[in-house]
$ cat start.txt   # compact mmCIF, C-alpha atoms
# COMPACT_ATOMS: atom_id res chain seq x y z
CA ASP A 1 -12.74 -0.65 12.18
CA GLN A 2 -10.03 1.60 10.80
CA GLN A 3 -6.81 0.76 12.58
CA VAL A 4 -4.70 3.33 10.75
CA LYS A 5 -6.13 6.79 10.32
CA GLN A 6 -4.99 9.76 8.32
CA ASN A 7 -7.44 12.43 9.38
CA SER A 8 -6.40 15.07 6.86
CA PRO A 9 -7.55 14.15 3.35
CA SER A 10 -5.51 16.99 1.91
CA LEU A 11 -2.74 19.45 2.74
CA SER A 12 -1.45 22.43 0.81
CA VAL A 13 1.94 24.06 1.48
CA GLN A 14 4.25 26.54 -0.22
CA GLU A 15 7.43 25.42 -1.88
CA GLY A 16 10.36 25.60 0.53
CA ARG A 17 8.22 25.29 3.65
CA ILE A 18 7.74 22.25 5.83
CA SER A 19 5.04 19.66 5.11
CA ILE A 20 3.79 17.66 8.07
CA LEU A 21 1.60 14.64 7.42
CA ASN A 22 0.00 12.89 10.36
CA CYS A 23 -1.10 9.34 11.06
CA ASP A 24 -2.74 7.70 14.08
CA TYR A 25 -3.12 4.02 14.83
CA THR A 26 -5.16 2.06 17.30
CA ASN A 27 -3.59 -1.41 17.29
CA SER A 28 -0.93 -1.59 19.99
CA MET A 29 0.55 -4.67 18.30
CA PHE A 30 1.80 -2.58 15.39
CA ASP A 31 5.55 -2.22 15.66
CA TYR A 32 6.69 -1.18 12.20
CA PHE A 33 5.46 1.81 10.27
CA LEU A 34 5.95 2.89 6.68
CA TRP A 35 5.18 5.85 4.48
CA TYR A 36 4.40 5.48 0.81
CA LYS A 37 4.01 8.13 -1.86
CA LYS A 38 1.68 7.66 -4.80
CA TYR A 39 1.38 9.57 -8.05
CA PRO A 40 -1.74 9.15 -10.20
CA ALA A 41 -1.70 6.07 -12.43
CA GLU A 42 1.32 4.63 -10.59
CA GLY A 43 1.75 2.19 -7.74
CA PRO A 44 2.78 3.46 -4.30
CA THR A 45 6.50 3.99 -3.79
CA PHE A 46 8.14 3.20 -0.48
CA LEU A 47 9.53 6.36 1.14
CA ILE A 48 10.68 5.77 4.66
CA SER A 49 9.96 3.51 7.62
CA ILE A 50 10.45 3.35 11.37
CA SER A 51 10.57 0.58 13.90
CA SER A 52 8.87 0.97 17.26
CA ILE A 53 12.25 0.80 19.01
CA LYS A 54 13.04 4.22 17.55
CA ASP A 55 11.29 7.56 17.79
CA LYS A 56 12.84 9.18 14.75
CA ASN A 57 14.21 8.17 11.38
CA GLU A 58 15.67 10.54 8.85
CA ASP A 59 16.41 10.16 5.15
CA GLY A 60 17.38 13.32 3.34
CA ARG A 61 14.45 15.72 3.29
CA PHE A 62 12.15 13.13 4.90
CA THR A 63 11.89 12.48 8.63
CA VAL A 64 9.41 10.23 10.36
CA PHE A 65 8.62 10.69 14.04
CA LEU A 66 6.93 8.06 16.18
CA ASN A 67 5.15 8.73 19.48
CA LYS A 68 4.24 5.28 20.79
CA SER A 69 2.38 6.49 23.85
CA ALA A 70 0.10 8.60 21.68
CA LYS A 71 -0.01 5.99 18.90
CA HIS A 72 0.88 8.73 16.48
CA LEU A 73 3.42 9.16 13.74
CA SER A 74 4.20 12.01 11.41
CA LEU A 75 6.15 12.55 8.24
CA HIS A 76 8.06 15.80 7.84
CA ILE A 77 9.25 16.97 4.45
CA VAL A 78 11.73 19.83 4.53
CA PRO A 79 11.99 21.75 2.29
CA SER A 80 8.88 20.85 0.31
CA GLN A 81 9.19 20.79 -3.46
CA PRO A 82 6.49 20.83 -6.17
CA GLY A 83 7.54 17.29 -7.14
CA ASP A 84 6.48 16.13 -3.69
CA SER A 85 2.85 16.72 -4.67
CA ALA A 86 1.26 13.28 -4.40
CA VAL A 87 -0.91 11.15 -2.14
CA TYR A 88 0.93 9.93 0.95
CA PHE A 89 -0.12 6.72 2.66
CA CYS A 90 0.79 5.67 6.15
CA ALA A 91 0.99 1.91 6.77
CA ALA A 92 1.61 -0.29 9.78
CA GLU A 93 2.29 -3.90 10.55
CA ASN A 94 2.76 -6.31 13.41
CA SER A 95 6.13 -7.69 12.37
CA GLY A 96 6.02 -10.50 14.89
CA GLY A 97 2.56 -11.61 13.97
CA SER A 98 1.43 -14.04 11.35
CA ASN A 99 -0.96 -11.93 9.32
CA TYR A 100 1.69 -10.87 6.81
CA LYS A 101 -0.04 -7.71 5.75
CA LEU A 102 0.28 -3.97 5.87
CA THR A 103 -2.66 -1.94 7.10
CA PHE A 104 -2.96 1.35 5.25
CA GLY A 105 -4.55 4.67 6.04
CA LYS A 106 -6.76 6.34 3.44
CA GLY A 107 -4.06 8.75 2.39
CA THR A 108 -3.38 12.49 2.43
CA LEU A 109 -3.14 14.46 -0.81
CA LEU A 110 -0.20 16.85 -0.52
CA THR A 111 -0.04 19.81 -2.87
CA VAL A 112 3.13 21.88 -2.89
CA ASN A 113 2.57 25.24 -4.58
CA PRO A 114 5.45 26.94 -6.42
CA LYS B 1 16.75 -5.35 -10.79
CA ALA B 2 13.38 -5.16 -12.52
CA GLY B 3 10.43 -3.97 -10.45
CA VAL B 4 7.03 -5.53 -9.92
CA THR B 5 5.12 -5.85 -13.17
CA GLN B 6 1.39 -6.18 -13.62
CA THR B 7 -0.63 -7.05 -16.67
CA PRO B 8 -2.78 -5.79 -18.14
CA ARG B 9 -2.54 -2.15 -17.13
CA TYR B 10 -6.10 -1.35 -18.12
CA LEU B 11 -9.15 -3.54 -18.47
CA ILE B 12 -12.80 -2.90 -19.27
CA LYS B 13 -15.36 -5.57 -18.51
CA THR B 14 -19.11 -5.79 -18.15
CA ARG B 15 -21.12 -6.93 -15.16
CA GLY B 16 -21.24 -10.68 -14.71
CA GLN B 17 -17.98 -11.35 -16.52
CA GLN B 18 -14.84 -12.61 -14.85
CA VAL B 19 -11.33 -11.25 -15.00
CA THR B 20 -7.81 -12.50 -14.29
CA LEU B 21 -4.99 -10.15 -13.38
CA SER B 22 -1.33 -11.08 -13.36
CA CYS B 23 1.62 -10.01 -11.23
CA SER B 24 5.33 -10.78 -11.50
CA PRO B 25 7.26 -9.94 -8.33
CA ILE B 26 10.77 -8.63 -8.01
CA SER B 27 13.27 -11.41 -8.61
CA GLY B 28 13.97 -13.20 -5.32
CA HIS B 29 10.81 -11.99 -3.63
CA ARG B 30 8.55 -14.84 -2.60
CA SER B 31 5.75 -12.94 -0.93
CA VAL B 32 3.07 -11.36 -3.10
CA SER B 33 0.20 -9.28 -1.75
CA TRP B 34 -2.83 -7.86 -3.55
CA TYR B 35 -4.70 -4.67 -2.70
CA GLN B 36 -7.75 -2.90 -4.04
CA GLN B 37 -7.69 0.88 -4.18
CA THR B 38 -10.87 2.88 -4.63
CA PRO B 39 -11.29 6.65 -4.27
CA GLY B 40 -11.32 7.69 -0.63
CA GLN B 41 -10.78 4.15 0.67
CA GLY B 42 -7.05 3.80 0.66
CA LEU B 43 -5.59 0.38 -0.01
CA GLN B 44 -7.74 -2.54 1.05
CA PHE B 45 -5.89 -5.81 1.58
CA LEU B 46 -7.13 -8.71 -0.54
CA PHE B 47 -4.72 -11.57 0.14
CA GLU B 48 -1.08 -12.55 0.51
CA TYR B 49 0.78 -15.53 -0.91
CA PHE B 50 4.10 -17.06 -0.01
CA SER B 51 5.54 -20.18 -1.62
CA GLU B 52 2.26 -20.91 -3.40
CA THR B 53 0.30 -20.77 -0.12
CA GLN B 54 -2.25 -18.16 0.85
CA ARG B 55 -1.21 -16.97 4.30
CA ASN B 56 -3.81 -14.28 4.84
CA LYS B 57 -7.01 -13.05 3.30
CA GLY B 58 -8.83 -9.76 3.68
CA ASN B 59 -12.55 -9.14 4.03
CA PHE B 60 -13.60 -9.60 0.45
CA PRO B 61 -16.27 -11.94 -0.89
CA GLY B 62 -15.40 -15.33 -2.31
CA ARG B 63 -15.67 -13.92 -5.83
CA PHE B 64 -12.14 -12.67 -5.28
CA SER B 65 -9.54 -15.41 -5.43
CA GLY B 66 -5.88 -15.76 -6.17
CA ARG B 67 -3.04 -18.14 -6.59
CA GLN B 68 0.71 -18.18 -6.76
CA PHE B 69 2.93 -20.27 -8.97
CA SER B 70 6.23 -21.94 -8.22
CA ASN B 71 8.12 -19.05 -9.84
CA SER B 72 6.35 -16.67 -7.38
CA ARG B 73 4.22 -15.09 -10.10
CA SER B 74 0.69 -14.54 -8.92
CA GLU B 75 -2.75 -14.14 -10.42
CA MET B 76 -5.95 -12.86 -8.95
CA ASN B 77 -9.38 -13.64 -10.32
CA VAL B 78 -12.66 -11.86 -9.85
CA SER B 79 -15.76 -13.70 -10.94
CA THR B 80 -19.26 -12.36 -11.58
CA LEU B 81 -18.05 -8.78 -11.77
CA GLU B 82 -20.08 -6.02 -10.15
CA LEU B 83 -19.97 -2.28 -10.81
CA GLY B 84 -18.40 -1.78 -7.39
CA ASP B 85 -15.40 -3.87 -8.40
CA SER B 86 -14.15 -0.99 -10.52
CA ALA B 87 -10.87 -0.05 -8.89
CA LEU B 88 -7.11 0.00 -9.16
CA TYR B 89 -5.74 -3.42 -8.24
CA LEU B 90 -2.23 -3.31 -6.88
CA CYS B 91 0.23 -6.11 -6.42
CA ALA B 92 3.21 -5.84 -4.10
CA SER B 93 6.14 -8.11 -3.39
CA SER B 94 8.47 -8.27 -0.45
CA SER B 95 11.68 -9.99 0.49
CA PRO B 96 11.40 -12.93 2.88
CA SER B 97 13.95 -11.41 5.23
CA GLY B 98 13.54 -8.42 7.46
CA TYR B 99 10.52 -6.22 7.79
CA ASN B 100 7.61 -6.26 5.39
CA GLU B 101 8.66 -3.44 3.10
CA GLN B 102 6.44 -4.00 0.13
CA PHE B 103 7.27 -2.87 -3.37
CA PHE B 104 4.32 -2.13 -5.58
CA GLY B 105 3.63 -2.59 -9.23
CA PRO B 106 1.88 0.08 -11.32
CA GLY B 107 -1.50 -1.56 -10.86
CA THR B 108 -4.28 -2.72 -13.14
CA ARG B 109 -7.14 -0.28 -13.62
CA LEU B 110 -10.33 -2.33 -13.89
CA THR B 111 -13.50 -0.67 -15.10
CA VAL B 112 -16.76 -2.61 -14.88
CA LEU B 113 -19.59 -1.32 -17.07
$ encode --input "start.txt" --output "structure tokens"
Amino acid sequence: DQQVKQNSPSLSVQEGRISILNCDYTNSMFDYFLWYKKYPAEGPTFLISISSIKDKNEDGRFTVFLNKSAKHLSLHIVPSQPGDSAVYFCAAENSGGSNYKLTFGKGTLLTVNP
Amino acid sequence: KAGVTQTPRYLIKTRGQQVTLSCSPISGHRSVSWYQQTPGQGLQFLFEYFSETQRNKGNFPGRFSGRQFSNSRSEMNVSTLELGDSALYLCASSSPSGYNEQFFGPGTRLTVL
């Protein structure tokens, strides 16, 4: 049972344009969401997060939007740069629970073309 | 502050052997989690340790085990290796306060022949 889903395995955008990566979740107990970026042969790097009490969080070129009613979040990268090419993972947790783990999606490979 | 370190970075074993992987968390972090990453499967949670206690375990067979030491360093062990155990094994640590923002090491690439 996949509780966090990233339905697009890959996405290709032109440099300078907006990249939008999507993530859906099914567990209504999730209340904290994170995005990680991963280059080949490296561990994932934390990018940005959002708590369920917010619907938007912004950090430079990266903005995460959360739609709790739809159980959907998205990561916007504006403007996209070739160095953003990587696999992006969405993750979620129940911060008030006792399972102490992040549940990850399968990732979306973003390619930004010069 | 030094990041999460994992050793070794690469490992080649044969079926039936066992392997031990090591992880040193960020200084001050007491929670250590382990994940398995295989192509197309994302990151699958193995287990999490805090203060030498396993607090949660994922859906992996008993061949996968781990432990944490008093200095928060952690090891995971896989016994009787199978071809399907070939994967990138990632360790992550997090601060005891606040949300569970996990910081990952570079991983150990295990190849089982």
$ residues_around --input "start.txt" --residues "range 83-93 of chain B" --least-positions-apart "6" --cutoff "7 Å" --atoms "all atoms listed in the file" --output "mmCIF file with C-alpha atoms, keeping the file's coordinate frame"
data_model
loop_
_atom_site.group_PDB
_atom_site.id
_atom_site.type_symbol
_atom_site.label_atom_id
_atom_site.label_comp_id
_atom_site.auth_asym_id
_atom_site.auth_seq_id
_atom_site.Cartn_x
_atom_site.Cartn_y
_atom_site.Cartn_z
ATOM 1 C CA GLY A 43 1.750 2.190 -7.740
ATOM 2 C CA VAL B 4 7.030 -5.530 -9.920
ATOM 3 C CA ARG B 15 -21.120 -6.930 -15.160
ATOM 4 C CA CYS B 23 1.620 -10.010 -11.230
ATOM 5 C CA PRO B 25 7.260 -9.940 -8.330
ATOM 6 C CA ILE B 26 10.770 -8.630 -8.010
ATOM 7 C CA HIS B 29 10.810 -11.990 -3.630
ATOM 8 C CA SER B 31 5.750 -12.940 -0.930
ATOM 9 C CA VAL B 32 3.070 -11.360 -3.100
ATOM 10 C CA SER B 33 0.200 -9.280 -1.750
ATOM 11 C CA TRP B 34 -2.830 -7.860 -3.550
ATOM 12 C CA TYR B 35 -4.700 -4.670 -2.700
ATOM 13 C CA GLN B 36 -7.750 -2.900 -4.040
ATOM 14 C CA GLN B 37 -7.690 0.880 -4.180
ATOM 15 C CA THR B 38 -10.870 2.880 -4.630
ATOM 16 C CA GLN B 102 6.440 -4.000 0.130
ATOM 17 C CA PHE B 103 7.270 -2.870 -3.370
ATOM 18 C CA PHE B 104 4.320 -2.130 -5.580
ATOM 19 C CA GLY B 105 3.630 -2.590 -9.230
ATOM 20 C CA PRO B 106 1.880 0.080 -11.320
ATOM 21 C CA GLY B 107 -1.500 -1.560 -10.860
ATOM 22 C CA THR B 108 -4.280 -2.720 -13.140
ATOM 23 C CA ARG B 109 -7.140 -0.280 -13.620
ATOM 24 C CA LEU B 110 -10.330 -2.330 -13.890
ATOM 25 C CA THR B 111 -13.500 -0.670 -15.100
ATOM 26 C CA VAL B 112 -16.760 -2.610 -14.880
ATOM 27 C CA LEU B 113 -19.590 -1.320 -17.070
#
$ atom_distance --input "start.txt" --atom1 "CA of Phe46 in chain A" --atom2 "CA of Lys106 in chain A"
15.7 Å
$ closest_residue --input "start.txt" --among "A:Ser69, A:Ile48, A:Leu11, A:Asn113" --to "Ser28 in chain A" --atoms "all atoms listed in the file"
A:Ser69
$ closest_residue --input "start.txt" --among "A:Ser74, A:Ser80, A:Asn27, A:Val112" --to "Asn7 in chain A" --atoms "all atoms listed in the file"
A:Ser74
$ closest_atom_pairs --input "start.txt" --of "chain A" --to "chain B" --cutoff "7 Å" --atoms "only C-alpha atoms" --output "tab-separated table"
residue	atom	partner	partner_atom	distance
A:Glu42	CA	B:Pro106	CA	4.6
A:Gly43	CA	B:Pro106	CA	4.2
A:Pro44	CA	B:Phe104	CA	5.9
A:Thr45	CA	B:Phe104	CA	6.7
A:Phe46	CA	B:Phe103	CA	6.8
A:Ser95	CA	B:Tyr99	CA	6.5
A:Asn99	CA	B:Asn56	CA	5.8
A:Tyr100	CA	B:Asn56	CA	6.8
A:Phe104	CA	B:Leu43	CA	6.0
A:Gly105	CA	B:Gly42	CA	6.0
A:Lys106	CA	B:Gly42	CA	3.8
A:Gly107	CA	B:Gly42	CA	6.0
$ atom_distance --input "start.txt" --atom1 "CA of Met29 in chain A" --atom2 "CA of Gly60 in chain A"
28.8 Å
$ atom_distance --input "start.txt" --atom1 "CA of Ser19 in chain A" --atom2 "CA of Leu73 in chain A"
13.7 Å
$ residues_around --input "start.txt" --residues "Asn67 in chain A" --least-positions-apart "4" --cutoff "10 Å" --atoms "all atoms listed in the file" --output "PyMOL selection string"
chain A and resi 24+52+54-56+71-74
$ residues_around --input "start.txt" --residues "Ser49 in chain A" --least-positions-apart "3" --cutoff "8 Å" --atoms "only C-alpha atoms" --output "PyMOL selection string"
chain A and resi 32-35+57+64
$ closest_residue --input "start.txt" --among "A:Asn94, A:Gln14, A:Thr103, A:Gln81" --to "Arg61 in chain A" --atoms "all atoms listed in the file"
A:Gln81
$ residues_around --input "start.txt" --residues "range 82-87 of chain A" --least-positions-apart "5" --cutoff "8 Å" --atoms "only C-alpha atoms" --output "list in words"
Glu15, Lys37, Lys38, Tyr39, Pro40, Gly107, Thr108, Leu109, Leu110, Thr111, Val112, Asn113 and Pro114 of chain A
$ decode --input "start.txt" --residues "chain A" --atoms "C-alpha atoms" --output "PDB file, in the first residue's frame"
ATOM      1  CA  ASP A   1       0.000   0.000   0.000  1.00  0.00           C
ATOM      2  CA  GLN A   2       1.763   3.097  -1.262  1.00  0.00           C
ATOM      3  CA  GLN A   3       0.863   5.957   1.039  1.00  0.00           C
ATOM      4  CA  VAL A   4       2.901   8.567  -0.815  1.00  0.00           C
ATOM      5  CA  LYS A   5       2.683   8.621  -4.582  1.00  0.00           C
ATOM      6  CA  GLN A   6       4.615  10.497  -7.200  1.00  0.00           C
ATOM      7  CA  ASN A   7       2.789   9.574 -10.370  1.00  0.00           C
ATOM      8  CA  SER A   8       5.240  11.138 -12.808  1.00  0.00           C
ATOM      9  CA  PRO A   9       8.456   9.112 -13.015  1.00  0.00           C
ATOM     10  CA  SER A  10      10.070  11.841 -15.074  1.00  0.00           C
ATOM     11  CA  LEU A  11       9.690  15.471 -16.116  1.00  0.00           C
ATOM     12  CA  SER A  12      11.596  17.503 -18.673  1.00  0.00           C
ATOM     13  CA  VAL A  13      11.587  21.321 -18.752  1.00  0.00           C
ATOM     14  CA  GLN A  14      13.549  24.097 -20.431  1.00  0.00           C
ATOM     15  CA  GLU A  15      16.000  26.194 -18.495  1.00  0.00           C
ATOM     16  CA  GLY A  16      14.330  29.319 -17.127  1.00  0.00           C
ATOM     17  CA  ARG A  17      10.839  27.829 -17.116  1.00  0.00           C
ATOM     18  CA  ILE A  18       8.881  26.544 -14.152  1.00  0.00           C
ATOM     19  CA  SER A  19       9.179  22.944 -12.949  1.00  0.00           C
ATOM     20  CA  ILE A  20       6.199  21.536 -11.091  1.00  0.00           C
ATOM     21  CA  LEU A  21       6.584  18.233  -9.290  1.00  0.00           C
ATOM     22  CA  ASN A  22       3.523  16.605  -7.791  1.00  0.00           C
ATOM     23  CA  CYS A  23       2.902  14.294  -4.868  1.00  0.00           C
ATOM     24  CA  ASP A  24      -0.261  12.692  -3.476  1.00  0.00           C
ATOM     25  CA  TYR A  25      -0.746  10.988  -0.138  1.00  0.00           C
ATOM     26  CA  THR A  26      -3.444   8.802   1.302  1.00  0.00           C
ATOM     27  CA  ASN A  27      -2.761   8.790   5.043  1.00  0.00           C
ATOM     28  CA  SER A  28      -4.748  11.582   6.683  1.00  0.00           C
ATOM     29  CA  MET A  29      -2.498  11.349   9.748  1.00  0.00           C
ATOM     30  CA  PHE A  30       0.436  12.805   7.824  1.00  0.00           C
ATOM     31  CA  ASP A  31       1.005  16.360   8.964  1.00  0.00           C
ATOM     32  CA  TYR A  32       4.534  17.187   7.852  1.00  0.00           C
ATOM     33  CA  PHE A  33       5.849  16.963   4.334  1.00  0.00           C
ATOM     34  CA  LEU A  34       9.348  17.212   2.915  1.00  0.00           C
ATOM     35  CA  TRP A  35      11.043  17.332  -0.457  1.00  0.00           C
ATOM     36  CA  TYR A  36      14.449  15.836  -1.049  1.00  0.00           C
ATOM     37  CA  LYS A  37      16.713  16.092  -4.066  1.00  0.00           C
ATOM     38  CA  LYS A  38      19.057  13.291  -5.038  1.00  0.00           C
ATOM     39  CA  TYR A  39      21.967  13.223  -7.451  1.00  0.00           C
ATOM     40  CA  PRO A  40      23.363   9.879  -8.625  1.00  0.00           C
ATOM     41  CA  ALA A  41      25.809   8.262  -6.189  1.00  0.00           C
ATOM     42  CA  GLU A  42      24.857  10.711  -3.425  1.00  0.00           C
ATOM     43  CA  GLY A  43      22.405  10.600  -0.549  1.00  0.00           C
ATOM     44  CA  PRO A  44      19.200  12.652  -0.710  1.00  0.00           C
ATOM     45  CA  THR A  45      19.523  16.287   0.306  1.00  0.00           C
ATOM     46  CA  PHE A  46      16.766  18.029   2.215  1.00  0.00           C
ATOM     47  CA  LEU A  47      15.240  20.843   0.152  1.00  0.00           C
ATOM     48  CA  ILE A  48      12.146  22.263   1.742  1.00  0.00           C
ATOM     49  CA  SER A  49       9.311  21.227   4.029  1.00  0.00           C
ATOM     50  CA  ILE A  50       5.812  22.258   5.007  1.00  0.00           C
ATOM     51  CA  SER A  51       3.624  21.686   8.015  1.00  0.00           C
ATOM     52  CA  SER A  52      -0.055  20.920   7.599  1.00  0.00           C
ATOM     53  CA  ILE A  53      -0.946  24.189   9.338  1.00  0.00           C
ATOM     54  CA  LYS A  54       0.341  26.028   6.272  1.00  0.00           C
ATOM     55  CA  ASP A  55      -0.592  25.866   2.614  1.00  0.00           C
ATOM     56  CA  LYS A  56       2.575  27.375   1.210  1.00  0.00           C
ATOM     57  CA  ASN A  57       6.241  27.593   2.059  1.00  0.00           C
ATOM     58  CA  GLU A  58       8.824  29.417   0.020  1.00  0.00           C
ATOM     59  CA  ASP A  59      12.609  29.271   0.001  1.00  0.00           C
ATOM     60  CA  GLY A  60      14.317  31.103  -2.817  1.00  0.00           C
ATOM     61  CA  ARG A  61      13.477  29.450  -6.117  1.00  0.00           C
ATOM     62  CA  PHE A  62      11.612  26.621  -4.357  1.00  0.00           C
ATOM     63  CA  THR A  63       7.991  26.784  -3.219  1.00  0.00           C
ATOM     64  CA  VAL A  64       5.939  23.955  -1.811  1.00  0.00           C
ATOM     65  CA  PHE A  65       2.153  24.077  -1.889  1.00  0.00           C
ATOM     66  CA  LEU A  66      -0.085  21.879   0.233  1.00  0.00           C
ATOM     67  CA  ASN A  67      -3.750  21.139  -0.478  1.00  0.00           C
ATOM     68  CA  LYS A  68      -4.929  19.153   2.542  1.00  0.00           C
ATOM     69  CA  SER A  69      -8.431  18.524   1.269  1.00  0.00           C
ATOM     70  CA  ALA A  70      -7.040  16.956  -1.893  1.00  0.00           C
ATOM     71  CA  LYS A  71      -4.148  15.295  -0.043  1.00  0.00           C
ATOM     72  CA  HIS A  72      -1.838  16.783  -2.622  1.00  0.00           C
ATOM     73  CA  LEU A  73       1.365  18.747  -2.528  1.00  0.00           C
ATOM     74  CA  SER A  74       3.553  20.198  -5.223  1.00  0.00           C
ATOM     75  CA  LEU A  75       7.035  21.601  -5.518  1.00  0.00           C
ATOM     76  CA  HIS A  76       7.570  24.565  -7.825  1.00  0.00           C
ATOM     77  CA  ILE A  77      11.031  25.509  -9.021  1.00  0.00           C
ATOM     78  CA  VAL A  78      11.279  28.906 -10.667  1.00  0.00           C
ATOM     79  CA  PRO A  79      13.340  29.525 -12.706  1.00  0.00           C
ATOM     80  CA  SER A  80      14.612  26.026 -13.409  1.00  0.00           C
ATOM     81  CA  GLN A  81      18.342  25.607 -13.892  1.00  0.00           C
ATOM     82  CA  PRO A  82      20.336  22.719 -15.416  1.00  0.00           C
ATOM     83  CA  GLY A  83      21.838  22.046 -11.977  1.00  0.00           C
ATOM     84  CA  ASP A  84      18.348  21.236 -10.727  1.00  0.00           C
ATOM     85  CA  SER A  85      18.410  18.051 -12.803  1.00  0.00           C
ATOM     86  CA  ALA A  86      18.077  15.273 -10.229  1.00  0.00           C
ATOM     87  CA  VAL A  87      15.576  12.867  -8.725  1.00  0.00           C
ATOM     88  CA  TYR A  88      13.116  14.563  -6.383  1.00  0.00           C
ATOM     89  CA  PHE A  89      11.499  12.615  -3.572  1.00  0.00           C
ATOM     90  CA  CYS A  90       8.423  13.628  -1.665  1.00  0.00           C
ATOM     91  CA  ALA A  91       8.201  12.384   1.942  1.00  0.00           C
ATOM     92  CA  ALA A  92       5.619  12.574   4.694  1.00  0.00           C
ATOM     93  CA  GLU A  93       5.352  11.849   8.371  1.00  0.00           C
ATOM     94  CA  ASN A  94       2.900  11.797  11.229  1.00  0.00           C
ATOM     95  CA  SER A  95       4.809  14.066  13.581  1.00  0.00           C
ATOM     96  CA  GLY A  96       2.591  13.275  16.538  1.00  0.00           C
ATOM     97  CA  GLY A  97       2.780   9.555  16.065  1.00  0.00           C
ATOM     98  CA  SER A  98       5.273   7.086  17.398  1.00  0.00           C
ATOM     99  CA  ASN A  99       6.497   5.446  14.219  1.00  0.00           C
ATOM    100  CA  TYR A 100       9.451   7.810  13.823  1.00  0.00           C
ATOM    101  CA  LYS A 101       9.792   7.363  10.114  1.00  0.00           C
ATOM    102  CA  LEU A 102       9.423   9.192   6.855  1.00  0.00           C
ATOM    103  CA  THR A 103       7.370   7.608   4.110  1.00  0.00           C
ATOM    104  CA  PHE A 104       8.802   8.347   0.687  1.00  0.00           C
ATOM    105  CA  GLY A 105       7.380   8.408  -2.797  1.00  0.00           C
ATOM    106  CA  LYS A 106       9.235   6.654  -5.607  1.00  0.00           C
ATOM    107  CA  GLY A 107      10.672   9.869  -6.952  1.00  0.00           C
ATOM    108  CA  THR A 108      10.459  12.008 -10.084  1.00  0.00           C
ATOM    109  CA  LEU A 109      13.473  12.454 -12.352  1.00  0.00           C
ATOM    110  CA  LEU A 110      13.662  16.107 -13.359  1.00  0.00           C
ATOM    111  CA  THR A 111      15.722  17.041 -16.399  1.00  0.00           C
ATOM    112  CA  VAL A 112      16.295  20.721 -17.085  1.00  0.00           C
ATOM    113  CA  ASN A 113      17.499  21.286 -20.640  1.00  0.00           C
ATOM    114  CA  PRO A 114      19.805  24.234 -21.416  1.00  0.00           C
TER     115      PRO A 114
END
